[in-house]
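Q: Right, I'll just put the structure down here and ask away after.
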Amino acid sequence: MLQGGVSMEGQLEGLDDILAKYYQSEGSIVSILQDMEVRYGYIPEEAVAWVSERTGLSASRFYGVATFYGQFHLVKPGKNIVKICRGTACHVKGSEKISDDIRTMLHCGVGETTPDGNFTVEHVACVGACARAPIFIVGKDVYGKMTPQKAKKTLEKYMGGEGNGKG
Amino acid sequence: MEKAKTEIIVGMGTCGITAGASEIYAHAADYARAKGLDVKLSSTSCIGMCHSEVLVDVVVDGFARVTYGNVTIAAIEEIIDSHAAINVPVIKYTIAQMPSYGKVYDDIPVFEQLPYMNKQERVVLSNCGFIDPLSIDDYISHGGYEAVKKVIGAGDPKAAIEIIKASGLRGRGGAGFPTGLKWEFCNKAQSDIKYIICNADEGDPGAFMDRSVLEGDPHAIIEGMLIAGFSIGASYGYVYCRAEYPLAISNLKVAIAAAHERGFLGDSVLNSGFKFNIKIKEGAGAFVCGEETALIASIEGLRGMPRAKPPFPANKGLWGKPTVINNVETLANVPRIIVRGADWFSSFGTEKSKGTKVFALAGKINRGGLIEIPMGITLREIIYDIGGGIPNGKAFKAVQTGGPSGGCLTTAMLDTPVDYESIAKAGSIVGSGGMIVLDEDNCMVNIAKFFLEFTQSESCGKCTPCRIGTKRLYEILDRITNGKGRKGDLELLEELSEDIRAASLCGLGQTAPNPVLSTLRNFREEYAAHIDEKRCPAAVCKPLITFTIIEKTCTGCMACARSCPVNAITGEKKKPHFITPELCIKCGSCFDACKFKSVLKK
């Protein structure tokens, strides 16, 4: 079983507890996927197949939900997820240029991962820290009142393999 | 526990943490310990003054509570050395003091009299930034859970509904439907099981009212849900909260556990026989889930797609059972209304819009943050008196209210009272409470495009007018901002907008054209400049602007050349530089780098 070149062997056993937690309750598809996302950082095809077999729900039911919501990754993201907030307050204070500059710096589009696997660049609709706009997030670290210059400098701290705690 | 003589309270809401509150908290603890001081360190949530984060309060027993702003590591050391150690406040960092705590100090303004505060009326936010959100005792000592005792003690669900109806409270999520009426419908519905859902899927980009209330006063939401549940006959409550708000979710979890322990939640609330439990459902990132029926589908574990109404959720909602869905701010109002009475609540506001409204003030504004105002004060009072006007001497251009469903209001509309009816008459909506201020540097076509980019990507795709219509609207706007606007585009935008509005299934589609229509109405000449003259008056739309260096004032410092990512700037040291237009990618780096205002953007 290969997913993006990575073997999932020996990683599916833990899914039993996720399933046990939600099997009896209704409306569990979103919750199962959310726990999967937390565990693997994305939704591995093998994990969906495994859960689908156990529950008797078709894999397409899971994928229908997984592709609907913005929270789920279908491919394994990089070590550090870089989120540029594109909420209204951030937009009027220049987050578009931050996004442009970061993408130029990393040679990487929105939703893409750098070839070294260190960064995945994402846009986020709003994190609700609007009075500190523009907001820039690396992993779990949130930075406010950013400029393109400051954002680029901030990102340099995460280069050179010293990946900070990924979200 | 005996109260420590001196307490240091760090504002640890999301805004505070963004500004570095965690580091300040940790450092304050270490520093005070190293100095051997008897100081109690605690945290609170957002008091609303996000512009001055990190905020730190110091309370010396028997003296006024003093708020410090923009606190750095160096500042906190000074504050501890002076205020905490020898009770001498460090005036240069102070923002205000609260005399209700004790003896006042000289030369520090009173909190309630600050320009930012004196037009506000704090009902929903009364606890935010004051209590420790993780302490149920703190909530109780501020009058918490009195309302639920009163309602359950009286034993009549209809009595609470009557109070809420009489208060005139309307849904704060955006639609403004009378809350008491909604409860009454659901109360009358016959069913063995009913549900109350708290809608905390605050999806409007640029809004953070619900986040702050959940982070800062989670027990108020639990209490509001308890009262709603008792009134409609529901034993189950759900809080549907955005996963983007991790702090709100974790504070709420702590609060729910504490409420269970004290008997406010469980199989017999306060031993009354009334059963009530609350579950948290994390949203998975879909704007449309703010719509009632889509939210219900999402809790049921499905794709969050809306359905046609009727039947309304009050009759047929979650799992087909009668359901009331109330917004966070609406529910936070409920316990206060029960305790202080309908008349007290309706004494605030206008004839048809009662009470207060929380707004998230952001964008081009000096004092951005979370504010709560009595309905009916004007936009001008909010932007200039509370918000302190526009930074850097720039001119006010518009204020955007209601997020992607709302519109832009202009200088001519600044004296509009802020209530549901007046804002609608002016061409926008109060919405959930996002308020983004725009200045002369913002292009209105770009703003309209920004919102349509958002709505078209968030459209769930169920109905054609919204799915395809918003996409086409976005494409036309994109074309105009790229200098490829055509004659007749504005009429096309208007026609398409009307169709989408009329034919879409849910609120998302029905309101998605509003940002286009309101900017077209108020800034038509700006659209025309883009199309007819291929010019962006605010100098935002890249394909329509050029950068040149003013030879006369250029000092040849080379800062621009060094900042240019494509080496489009040439020139010798100490001699005027030159931008090669063919190479320039219009990124604006040179404009930002020049200290002599010698780069011209137009």
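Labeling convention for the structure tokens: chains A, B, ... as they appear, residues from 1 per chain, ligands from 1 in order of appearance.
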Give the residues of chain B that lie within 7 Å of chain A; count only C-alpha atoms, and format the answer as a ChimeraX atom specification.
A: /B:14-15,18-19,50-51,205-208,244,284-286,299-303,362-363,368-369,436,442
Q: Which residues are close to Asn326 in chain B, i.e. within 9 Å by only C-alpha atoms, leaving aside same-chain residues fewer than 3 positions away? Reply as number ranges by chain.
A: B: 171-173, 179, 196-200, 225, 329-331
Q: Selection from above, N, CA and C atoms, as an mmCIF file, in the first residue's frame, can you write it?
A:
```cif
data_model
loop_
_atom_site.group_PDB
_atom_site.id
_atom_site.type_symbol
_atom_site.label_atom_id
_atom_site.label_comp_id
_atom_site.auth_asym_id
_atom_site.auth_seq_id
_atom_site.Cartn_x
_atom_site.Cartn_y
_atom_site.Cartn_z
ATOM 1 N N GLY B 171 -32.114 38.068 16.333
ATOM 2 C CA GLY B 171 -30.947 37.227 16.061
ATOM 3 C C GLY B 171 -29.741 38.041 15.628
ATOM 4 N N ARG B 172 -28.610 37.816 16.317
ATOM 5 C CA ARG B 172 -27.423 38.624 16.054
ATOM 6 C C ARG B 172 -26.512 38.021 14.978
ATOM 7 N N GLY B 173 -26.947 36.904 14.401
ATOM 8 C CA GLY B 173 -26.116 36.271 13.377
ATOM 9 C C GLY B 173 -26.176 36.976 12.038
ATOM 10 N N THR B 179 -35.893 36.577 18.368
ATOM 11 C CA THR B 179 -35.492 35.341 19.043
ATOM 12 C C THR B 179 -36.647 34.683 19.793
ATOM 13 N N ILE B 196 -31.348 22.373 20.625
ATOM 14 C CA ILE B 196 -30.921 23.774 20.529
ATOM 15 C C ILE B 196 -29.482 23.771 20.020
ATOM 16 N N ILE B 197 -29.251 24.546 18.965
ATOM 17 C CA ILE B 197 -27.897 24.618 18.410
ATOM 18 C C ILE B 197 -27.371 26.045 18.549
ATOM 19 N N CYS B 198 -26.146 26.148 19.038
ATOM 20 C CA CYS B 198 -25.482 27.447 19.056
ATOM 21 C C CYS B 198 -24.622 27.548 17.800
ATOM 22 N N ASN B 199 -24.943 28.496 16.956
ATOM 23 C CA ASN B 199 -24.200 28.687 15.711
ATOM 24 C C ASN B 199 -22.953 29.525 15.986
ATOM 25 N N ALA B 200 -21.822 28.851 16.065
ATOM 26 C CA ALA B 200 -20.551 29.543 16.289
ATOM 27 C C ALA B 200 -19.641 29.356 15.074
ATOM 28 N N MET B 225 -27.855 28.724 26.395
ATOM 29 C CA MET B 225 -28.385 27.500 25.787
ATOM 30 C C MET B 225 -29.301 26.747 26.749
ATOM 31 N N GLU B 329 -23.782 35.464 20.002
ATOM 32 C CA GLU B 329 -24.074 36.749 20.641
ATOM 33 C C GLU B 329 -25.522 36.799 21.131
ATOM 34 N N THR B 330 -26.435 36.227 20.365
ATOM 35 C CA THR B 330 -27.841 36.175 20.771
ATOM 36 C C THR B 330 -27.950 35.454 22.109
ATOM 37 N N LEU B 331 -27.319 34.287 22.186
ATOM 38 C CA LEU B 331 -27.402 33.481 23.411
ATOM 39 C C LEU B 331 -26.733 34.167 24.589
#
```
Q: May I have the residues within 10 Å of Lys484 in chain B as number ranges by chain, using only C-alpha atoms and disregarding those fewer than 5 positions away in the same chain?
A: B: 476-479, 530-532, 534, 543-544
Q: Which residues come within 9 Å of Val110 in chain A, counting only C-alpha atoms, excluding same-chain residues fewer than 6 positions away, as a list of chain:residue names?
A: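 In the requested form, the answer reads A:Ser99, A:Arg103, A:Thr120, A:Val121, A:Glu122, A:His123.
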Q: Tell me, as a CSV table (one decimal) with N, CA and C atoms, in the first residue's frame, which residues lie within 7 Å of range 559-573 of chain B, counting only C-alpha atoms; anything in the same chain fewer than 3 positions away does not count.
A:
```
chain,number,residue,atom,x,y,z
B,556,GLY,N,19.6,58.5,-5.2
B,556,GLY,CA,20.5,57.4,-5.7
B,556,GLY,C,21.0,56.5,-4.5
B,576,PRO,N,20.2,59.6,-10.0
B,576,PRO,CA,18.9,59.1,-10.2
B,576,PRO,C,18.8,57.7,-10.8
B,577,HIS,N,17.9,56.9,-10.3
B,577,HIS,CA,17.7,55.6,-10.8
B,577,HIS,C,16.5,55.6,-11.9
B,578,PHE,N,16.4,54.4,-12.5
B,578,PHE,CA,15.4,54.3,-13.6
B,578,PHE,C,14.8,52.9,-13.6
B,579,ILE,N,13.5,52.9,-13.8
B,579,ILE,CA,12.8,51.6,-13.9
B,579,ILE,C,12.5,51.2,-15.3
B,580,THR,N,13.0,50.0,-15.7
B,580,THR,CA,12.7,49.6,-17.1
B,580,THR,C,11.3,49.0,-17.1
B,583,LEU,N,10.5,45.3,-17.8
B,583,LEU,CA,11.0,44.2,-16.9
B,583,LEU,C,10.1,44.3,-15.6
B,584,CYS,N,9.5,45.5,-15.3
B,584,CYS,CA,8.8,45.7,-14.1
B,584,CYS,C,7.6,44.8,-13.9
B,589,SER,N,7.7,46.7,-4.5
B,589,SER,CA,8.7,46.6,-3.5
B,589,SER,C,9.5,47.9,-3.5
B,590,CYS,N,9.8,48.5,-4.6
B,590,CYS,CA,10.6,49.8,-4.7
B,590,CYS,C,9.8,50.9,-4.0
B,593,ALA,N,10.2,50.5,-0.4
B,593,ALA,CA,11.6,50.6,0.0
B,593,ALA,C,12.1,52.0,0.1
B,594,CYS,N,11.5,52.9,-0.8
B,594,CYS,CA,12.0,54.3,-0.9
B,594,CYS,C,11.7,55.1,0.3
```
Q: When DSSP is applied to the backbone of this structure, which of range 18-164 of chain A are assigned helix (DSSP H, G or I)? Write them out as an MDAnalysis selection string.
A: chainID A and resid 18:22 29:40 45:55 59:68 88:92 95:106 130:132 148:156
Q: From the list B:Lys364, B:Lys425, B:Arg262, B:His142, which residue is nearest Phe396 in chain B when using only C-alpha atoms?
A: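 Checking each candidate against Phe396 in chain B, we get B:Lys364 as the closest.
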Q: Using only C-alpha atoms, pick whichever of B:Gly20, B:Cys46, B:Val39, B:Pro157 has the shortest atom-to-atom distance to Ile73 in chain B.
A: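 Between B:Gly20, B:Cys46, B:Val39, B:Pro157, the residue approaching Ile73 in chain B most closely is B:Gly20.
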Q: Give me, as a PyMOL selection string, the residues of range 19-151 of chain A that a backbone DSSP run labels strand (DSSP E).
A: chain A and resi 80-85+119-124+136-138+141-143
Q: Env of Leu169 in chain B: 10 Å cut, atoms = only C-alpha atoms, seq-sep filter 5 positions within chain, self excluded. Answer as a PyMOL selection string.
A: chain B and resi 163-164+176-181+330+333-334+337+342+345-346+352-356
Q: Since we have the selection now, will you write its residues out, keeping N, CA and C atoms, as a CSV table (one decimal), in the first residue's frame?
A:
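Output file out-v3.csv follows:
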```
chain,number,residue,atom,x,y,z
B,163,ILE,N,-40.5,36.8,28.3
B,163,ILE,CA,-39.5,37.9,28.6
B,163,ILE,C,-38.6,38.2,27.4
B,164,ILE,N,-38.2,37.2,26.7
B,164,ILE,CA,-37.3,37.4,25.5
B,164,ILE,C,-38.1,38.1,24.4
B,176,GLY,N,-31.5,38.8,11.9
B,176,GLY,CA,-32.3,39.7,12.7
B,176,GLY,C,-33.7,39.2,13.0
B,177,PHE,N,-33.9,37.9,13.0
B,177,PHE,CA,-35.3,37.4,13.3
B,177,PHE,C,-35.5,37.4,14.8
B,178,PRO,N,-36.7,37.8,15.2
B,178,PRO,CA,-37.0,37.9,16.7
B,178,PRO,C,-36.8,36.6,17.4
B,179,THR,N,-35.9,36.6,18.4
B,179,THR,CA,-35.5,35.3,19.0
B,179,THR,C,-36.6,34.7,19.8
B,180,GLY,N,-37.4,35.5,20.5
B,180,GLY,CA,-38.5,35.0,21.3
B,180,GLY,C,-39.5,34.2,20.4
B,181,LEU,N,-39.8,34.8,19.2
B,181,LEU,CA,-40.7,34.2,18.3
B,181,LEU,C,-40.2,32.8,17.8
B,330,THR,N,-26.4,36.2,20.4
B,330,THR,CA,-27.8,36.2,20.8
B,330,THR,C,-28.0,35.5,22.1
B,333,ASN,N,-26.8,37.2,25.2
B,333,ASN,CA,-27.7,38.3,25.7
B,333,ASN,C,-28.7,37.7,26.6
B,334,VAL,N,-29.1,36.4,26.4
B,334,VAL,CA,-30.2,35.8,27.1
B,334,VAL,C,-30.2,35.9,28.6
B,337,ILE,N,-30.7,39.4,30.0
B,337,ILE,CA,-32.1,39.8,29.9
B,337,ILE,C,-33.0,39.2,31.0
B,342,ALA,N,-36.8,42.6,30.7
B,342,ALA,CA,-37.0,43.0,29.3
B,342,ALA,C,-36.9,44.5,29.1
B,345,PHE,N,-33.3,45.9,28.9
B,345,PHE,CA,-32.7,45.6,27.6
B,345,PHE,C,-33.3,46.5,26.6
B,346,SER,N,-34.6,46.7,26.5
B,346,SER,CA,-35.2,47.5,25.5
B,346,SER,C,-35.0,49.0,25.7
B,352,LYS,N,-37.1,49.7,16.6
B,352,LYS,CA,-37.2,48.4,16.1
B,352,LYS,C,-36.0,47.5,16.4
B,353,SER,N,-34.9,48.2,16.7
B,353,SER,CA,-33.7,47.4,17.0
B,353,SER,C,-33.3,47.7,18.4
B,354,LYS,N,-33.6,46.7,19.2
B,354,LYS,CA,-33.4,46.9,20.7
B,354,LYS,C,-32.0,46.3,21.1
B,355,GLY,N,-31.5,46.9,22.2
B,355,GLY,CA,-30.3,46.4,22.8
B,355,GLY,C,-29.0,46.9,22.2
B,356,THR,N,-28.0,46.1,22.4
B,356,THR,CA,-26.7,46.5,21.9
B,356,THR,C,-26.3,45.6,20.8
```
Q: Leaving out Leu505 in chain B and any residue of its chain fewer than 4 positions from it, which residues lie within 7 Å of it when counting only C-alpha atoms, given as a PyMOL selection string?
A: chain B and resi 308+463+509
Q: Kindly give the distance, in Å, that separates CA of Leu155 in chain A and CA of Asp592 in chain B, rounded to a single decimal.
A: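 Taking CA of Leu155 in chain A and CA of Asp592 in chain B, their separation equals 19.8 Å.
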Q: Counting only C-alpha atoms, which of B:Ala502, B:Cys443, B:Val516, B:Ala160 gets nearest to Ala529 in chain B?
A: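 Selected residue with least distance to Ala529 in chain B: B:Cys443.
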Q: Can you measure CA of Leu114 in chain B to CA of Gly48 in chain B for me? One decimal in Å is fine.
A: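 Interatomic distance, CA of Leu114 in chain B to CA of Gly48 in chain B: 12.9 Å.
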Q: Give me, please, the distance in Å between CA of Val138 in chain A and CA of Ala151 in chain A, quoted to one decimal.
A: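 Here the two named atoms are 9.9 Å from each other.
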